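Text of entry-v1.csv (CSV, C-alpha atoms and all ligand atoms) as supplied:
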chain,number,residue,atom,x,y,z
A,1,MET,CA,100.5,74.6,126.6
A,2,PRO,CA,103.1,77.4,125.8
A,3,GLN,CA,105.7,74.7,126.4
A,4,THR,CA,104.4,72.8,123.3
A,5,PHE,CA,105.0,75.7,121.0
A,6,ASP,CA,108.2,76.8,122.8
A,7,ARG,CA,109.5,73.3,121.8
A,8,ILE,CA,108.3,73.6,118.2
A,9,ALA,CA,109.4,77.2,117.7
A,10,PRO,CA,112.9,76.5,116.1
A,11,SER,CA,111.5,74.1,113.5
A,12,TYR,CA,108.1,75.8,112.9
A,13,ASP,CA,108.9,77.8,109.8
A,14,LYS,CA,110.7,74.9,108.2
A,15,MET,CA,107.8,72.5,109.1
A,16,ILE,CA,105.1,74.7,107.4
A,17,ARG,CA,107.2,75.9,104.4
A,18,PRO,CA,105.9,73.3,101.9
A,19,TYR,CA,102.3,74.2,102.9
A,20,GLU,CA,103.0,77.9,102.7
A,21,ARG,CA,104.2,77.4,99.1
A,22,ARG,CA,101.3,75.2,98.0
A,23,PHE,CA,98.2,76.9,99.6
A,24,LEU,CA,98.8,78.5,103.0
A,25,GLY,CA,100.5,81.6,101.8
A,26,ARG,CA,97.6,82.2,99.4
A,27,TRP,CA,95.1,81.7,102.2
A,28,ARG,CA,97.0,84.0,104.5
A,29,ALA,CA,96.9,86.8,101.9
A,30,GLU,CA,93.1,86.3,101.4
A,31,THR,CA,92.5,86.3,105.1
A,32,LEU,CA,94.5,89.5,105.9
A,33,LYS,CA,92.9,91.3,102.9
A,34,GLU,CA,89.7,91.3,105.0
A,35,LEU,CA,91.4,93.6,107.6
A,36,PRO,CA,90.7,97.3,107.5
A,37,THR,CA,93.6,99.6,106.4
A,38,ASP,CA,94.9,102.5,108.5
A,39,ALA,CA,93.4,100.9,111.5
A,40,ILE,CA,94.5,99.5,114.9
A,41,ILE,CA,94.7,95.8,114.6
A,42,LEU,CA,95.5,92.9,116.9
A,43,GLU,CA,96.8,89.4,115.9
A,44,ILE,CA,96.2,86.6,118.4
A,45,GLY,CA,98.7,83.7,118.5
A,46,ALA,CA,101.0,85.3,115.9
A,47,GLY,CA,103.5,82.4,116.3
A,48,THR,CA,106.8,83.1,114.4
A,49,GLY,CA,105.2,85.9,112.4
A,50,ALA,CA,104.2,84.0,109.3
A,51,ASN,CA,101.5,86.6,108.7
A,52,PHE,CA,103.7,89.7,109.0
A,53,ALA,CA,104.4,89.9,105.2
A,54,TYR,CA,100.6,90.2,104.6
A,55,TYR,CA,99.7,92.9,107.1
A,56,PRO,CA,97.9,95.9,105.6
A,57,ASN,CA,99.0,99.5,106.2
A,58,CYS,CA,98.1,100.1,109.8
A,59,LYS,CA,97.8,103.0,112.3
A,60,GLN,CA,99.1,100.4,114.8
A,61,ALA,CA,99.6,96.7,114.6
A,62,VAL,CA,100.0,94.5,117.7
A,63,ALA,CA,100.9,90.8,117.4
A,64,SER,CA,100.3,88.8,120.6
A,65,GLU,CA,101.5,85.3,121.4
A,66,ILE,CA,101.6,83.0,124.4
A,67,SER,CA,104.9,81.3,123.6
A,68,CYS,CA,108.0,83.5,124.2
A,69,GLU,CA,110.1,81.2,122.0
A,70,MET,CA,107.7,81.7,119.1
A,71,LEU,CA,107.9,85.4,119.7
A,72,LYS,CA,111.7,85.4,119.5
A,73,PHE,CA,111.4,84.2,115.9
A,74,ALA,CA,108.7,86.7,115.2
A,75,ALA,CA,110.9,89.5,116.4
A,76,GLU,CA,113.4,88.6,113.6
A,77,LYS,CA,110.7,89.4,111.0
A,78,THR,CA,109.6,92.9,112.0
A,79,ALA,CA,110.7,96.2,113.4
A,80,SER,CA,107.3,98.0,113.1
A,81,ILE,CA,104.8,95.5,114.7
A,82,ASP,CA,104.4,95.7,118.5
A,83,LEU,CA,105.1,92.2,119.9
A,84,VAL,CA,103.3,91.3,123.2
A,85,GLU,CA,103.6,88.0,125.1
A,86,ALA,CA,100.0,87.3,126.0
A,87,ASP,CA,97.4,84.5,126.6
A,88,ALA,CA,94.4,85.0,124.4
A,89,GLU,CA,92.3,83.9,127.4
A,90,GLY,CA,93.4,87.0,129.3
A,91,LEU,CA,94.5,89.8,127.0
A,92,PRO,CA,96.5,92.7,128.6
A,93,PHE,CA,94.6,95.4,126.5
A,94,ALA,CA,91.9,97.9,127.3
A,95,SER,CA,88.3,97.2,126.3
A,96,ASP,CA,87.1,98.6,122.9
A,97,SER,CA,90.6,99.3,121.7
A,98,PHE,CA,91.0,97.5,118.4
A,99,ASP,CA,89.3,98.0,115.0
A,100,ALA,CA,89.9,94.4,114.1
A,101,VAL,CA,91.3,91.2,115.7
A,102,PHE,CA,92.5,88.2,113.7
A,103,ALA,CA,94.1,84.8,114.1
A,104,THR,CA,95.3,82.0,111.8
A,105,LEU,CA,95.6,78.4,112.9
A,106,VAL,CA,95.2,79.4,116.6
A,107,PHE,CA,91.7,78.6,117.9
A,108,CYS,CA,92.5,74.8,117.4
A,109,SER,CA,95.1,75.0,120.1
A,110,ILE,CA,93.6,77.5,122.6
A,111,ALA,CA,92.6,75.5,125.7
A,112,ASP,CA,89.4,77.5,126.4
A,113,PRO,CA,88.2,79.0,123.1
A,114,ALA,CA,85.0,80.5,124.8
A,115,ALA,CA,87.3,82.4,127.2
A,116,ALA,CA,89.4,83.6,124.3
A,117,PHE,CA,86.4,84.7,122.3
A,118,ALA,CA,85.1,86.7,125.3
A,119,GLU,CA,88.5,88.5,125.5
A,120,VAL,CA,88.5,89.1,121.7
A,121,ILE,CA,85.1,90.7,122.0
A,122,ARG,CA,86.1,92.8,125.0
A,123,VAL,CA,89.1,94.4,123.3
A,124,LEU,CA,87.3,94.9,120.0
A,125,LYS,CA,85.5,98.2,119.3
A,126,PRO,CA,81.8,97.9,118.6
A,127,ASN,CA,81.2,96.9,114.9
A,128,GLY,CA,84.9,95.8,114.8
A,129,HIS,CA,85.7,92.6,112.8
A,130,VAL,CA,87.2,89.3,113.8
A,131,ILE,CA,88.9,87.4,110.9
A,132,LEU,CA,89.9,83.8,111.4
A,133,LEU,CA,91.6,81.2,109.3
A,134,GLU,CA,91.2,78.0,111.1
A,135,HIS,CA,91.3,74.2,110.5
A,136,VAL,CA,88.0,72.9,111.8
A,137,ARG,CA,85.8,69.8,112.1
A,138,PRO,CA,84.5,69.2,108.6
A,139,ASN,CA,80.8,68.2,108.0
A,140,GLY,CA,79.7,64.7,107.1
A,141,LEU,CA,81.5,61.4,107.6
A,142,LEU,CA,84.9,63.2,107.5
A,143,GLY,CA,83.9,64.9,110.8
A,144,TYR,CA,83.9,61.6,112.6
A,145,VAL,CA,87.4,60.8,111.3
A,146,PHE,CA,88.5,64.2,112.7
A,147,ASP,CA,86.8,63.4,116.1
A,148,ALA,CA,89.0,60.3,116.2
A,149,LEU,CA,92.2,62.1,115.0
A,150,SER,CA,91.6,64.8,117.6
A,151,VAL,CA,92.2,62.3,120.5
A,152,LEU,CA,95.7,61.8,119.2
A,153,THR,CA,96.5,65.4,118.1
A,154,VAL,CA,95.4,66.8,121.5
A,155,ALA,CA,97.5,64.3,123.4
A,156,VAL,CA,100.6,64.9,121.2
A,157,MET,CA,100.5,68.7,120.6
A,158,ASP,CA,97.4,70.2,122.2
A,159,ASP,CA,95.8,70.6,118.7
A,160,HIS,CA,92.0,70.1,118.5
A,161,PHE,CA,91.2,68.7,115.1
A,162,ASN,CA,87.4,68.8,115.6
A,163,ARG,CA,86.7,72.4,116.7
A,164,ARG,CA,83.6,74.0,115.4
A,165,THR,CA,85.1,77.5,115.5
A,166,ALA,CA,82.4,79.4,113.6
A,167,ARG,CA,79.8,78.0,116.0
A,168,LEU,CA,82.0,78.8,119.0
A,169,ALA,CA,82.3,82.4,117.7
A,170,GLU,CA,78.5,82.7,117.3
A,171,ALA,CA,77.9,81.2,120.8
A,172,ALA,CA,80.3,83.8,122.2
A,173,GLY,CA,78.1,86.5,120.8
A,174,LEU,CA,79.8,87.4,117.6
A,175,GLU,CA,77.8,87.9,114.4
A,176,VAL,CA,79.2,85.4,111.8
A,177,LEU,CA,79.0,87.3,108.5
A,178,GLU,CA,80.7,84.7,106.2
A,179,VAL,CA,82.3,81.3,106.3
A,180,ARG,CA,84.5,80.5,103.3
A,181,SER,CA,85.1,76.7,103.2
A,182,LYS,CA,88.4,75.4,101.9
A,183,ALA,CA,89.9,72.0,101.4
A,184,LEU,CA,86.7,69.9,101.8
A,185,GLY,CA,85.6,72.1,104.7
A,186,ILE,CA,88.7,71.2,106.8
A,187,VAL,CA,89.8,74.9,106.7
A,188,ASN,CA,87.4,77.9,107.2
A,189,LEU,CA,88.0,81.6,106.6
A,190,ILE,CA,85.5,83.0,109.1
A,191,ILE,CA,84.5,86.7,109.1
A,192,CYS,CA,82.7,88.0,112.2
A,193,ARG,CA,81.5,91.3,113.6
A,194,LYS,CA,81.1,92.5,117.2
A,195,GLN,CA,77.6,93.8,117.4
A,196,ALA,CA,77.1,97.3,118.7
A,197,LYS,CA,75.5,97.5,122.1
B,201,LIG,C1,99.8,76.4,114.8
B,201,LIG,S1,100.5,77.8,115.5
B,201,LIG,C2,100.0,79.2,114.4
B,201,LIG,C3,100.9,80.3,114.4
B,201,LIG,C4,100.6,81.4,113.4
B,201,LIG,N1,99.4,82.0,113.7
B,201,LIG,C5,100.6,80.9,112.0
B,201,LIG,O1,99.5,81.0,111.3
B,201,LIG,O2,101.6,80.3,111.5
B,201,LIG,C6,99.4,78.2,116.9
B,201,LIG,C7,99.9,79.4,117.8
B,201,LIG,O3,98.9,79.7,118.7
B,201,LIG,C8,99.6,80.0,119.9
B,201,LIG,N2,98.6,79.9,121.0
B,201,LIG,C9,98.1,78.7,121.5
B,201,LIG,N3,97.3,79.0,122.6
B,201,LIG,C10,97.3,80.3,122.7
B,201,LIG,C11,96.8,81.2,123.7
B,201,LIG,N4,95.9,80.8,124.7
B,201,LIG,N5,97.0,82.5,123.6
B,201,LIG,C12,97.8,83.0,122.6
B,201,LIG,N6,98.4,82.2,121.7
B,201,LIG,C13,98.2,80.9,121.8
B,201,LIG,C14,100.7,79.0,120.0
B,201,LIG,O4,101.7,79.4,120.9
B,201,LIG,C15,101.2,79.0,118.5
B,201,LIG,O5,102.1,80.0,118.3
Go ahead and express the file in the form of C-alpha cells.
Amino acid sequence: MPQTFDRIAPSYDKMIRPYERRFLGRWRAETLKELPTDAIILEIGAGTGANFAYYPNCKQAVASEISCEMLKFAAEKTASIDLVEADAEGLPFASDSFDAVFATLVFCSIADPAAAFAEVIRVLKPNGHVILLEHVRPNGLLGYVFDALSVLTVAVMDDHFNRRTARLAEAAGLEVLEVRSKALGIVNLIICRKQAK
C-alpha cells in the first residue's frame, strides 16, 4: 500500500493541480476552517502537504503519512509542522493527546478503516473533533456505478470508490455531527466528535 503512493508521489501535486484550482482548494479551506485554533492537531495521510497552506494557528501541528516518498515532498512545504511517518492503523502517539484529528481524501485508501478510526479515537481527547473530507459512495443509482468502479480503482491504486465513511465513523463510536454533501454526494465533509467517557 505505501508503495502505491511512493510511486505516485513525484507526480501527485501536478496530477491534482487542475482540481485544486477548480474546487479542491476551496473544499480544503472549508474543511480546515472546522479545526480549533491554538490547539494540538493531527493530520492523517498528509500526502505531499496539500493542506499545509490552510492550517490554522496551532499550539502544535503534526502531519502523519504512511508513504515516506509523499513525506519528502511534504517536507519541502513546511518548517513548522512536525512530520511523522506513520500508519493510521497503528499511530505512534499517546492516548488522549490531540484536540482534533483530520484527513482529506485518505479513508478511501486505508486498508482497514475500522482499525484507523479506532486509533483516531484513541489519540483524540474526549470531546475532540474529527474532520474529514472524503470521496464516498453516493446514494441512489450512482452508488451502484461506484460499486462497479471500485473494483477497478482498488485493483489499480488501492482506492475504494464506494466507502461509506460517515457510517464507518459512526460504527467506530464517533458522534457524527454533520455531513456536508458535495458534488452529487460523491464528496462529503464529515464533522464528528469523540464522546466523553
Ligand atoms: C489521495 S492521497 C491524499 C493526500 C492528501 N491528504 C491530500 O488531500 O492531497 C491519500 C494519502 O493517504 C495515505 N495513506 C493511505 N493509507 C494510509 C494509512 N494506512 N496510514 C496513513 N496514510 C495513509 C497515502 O499514502 C496518501 O498519501
List as a ChimeraX atom specification the protein and nucleic acid residues near segment 92-102 of chain A, meaning an atom at most 10 Å away when all atoms listed in the file are counted, but skip any in the same chain fewer than 5 places from it. /A:31-32,34-46,60-64,84-87,119-133,190-194
Using only C-alpha atoms and all ligand atoms, which protein or nucleic acid residues are at most 9 Å from ligand LIG 201 (chain B), as an NGL selection string? :A and (1-6 or 8-9 or 12-13 or 16 or 24 or 28 or 43-51 or 64-71 or 85-91 or 103-113 or 116 or 133-134 or 158-159)
In Å, rounded to a single decimal, give me how far atom CA of Val154 of chain A is from atom CA of Ala118 of chain A.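 If I compute the distance from atom CA of Ala118 of chain A to atom CA of Val154 of chain A, I get 22.7 Å.
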All residues 8 Å or closer to Asn162 of chain A, only C-alpha atoms, same chain fewer than 2 positions away omitted, as a list in words: Val136, Arg137, Pro138, Gly143, Phe146, Asp147, Ser150, His160 and Arg164 of chain A
List as a ChimeraX atom specification: which residues have an atom within 10 Å of (84.8, 67.2, 100.2), counting only C-alpha atoms? /A:138-142,181-186
Need the axis-aligned box for segment 189-195 of chain A with 3 Å each side, so what are the centre and edges in Å to one decimal, as AutoDock Vina command-line options?
--center_x 82.8 --center_y 87.7 --center_z 112.0 --size_x 16.4 --size_y 18.2 --size_z 16.8
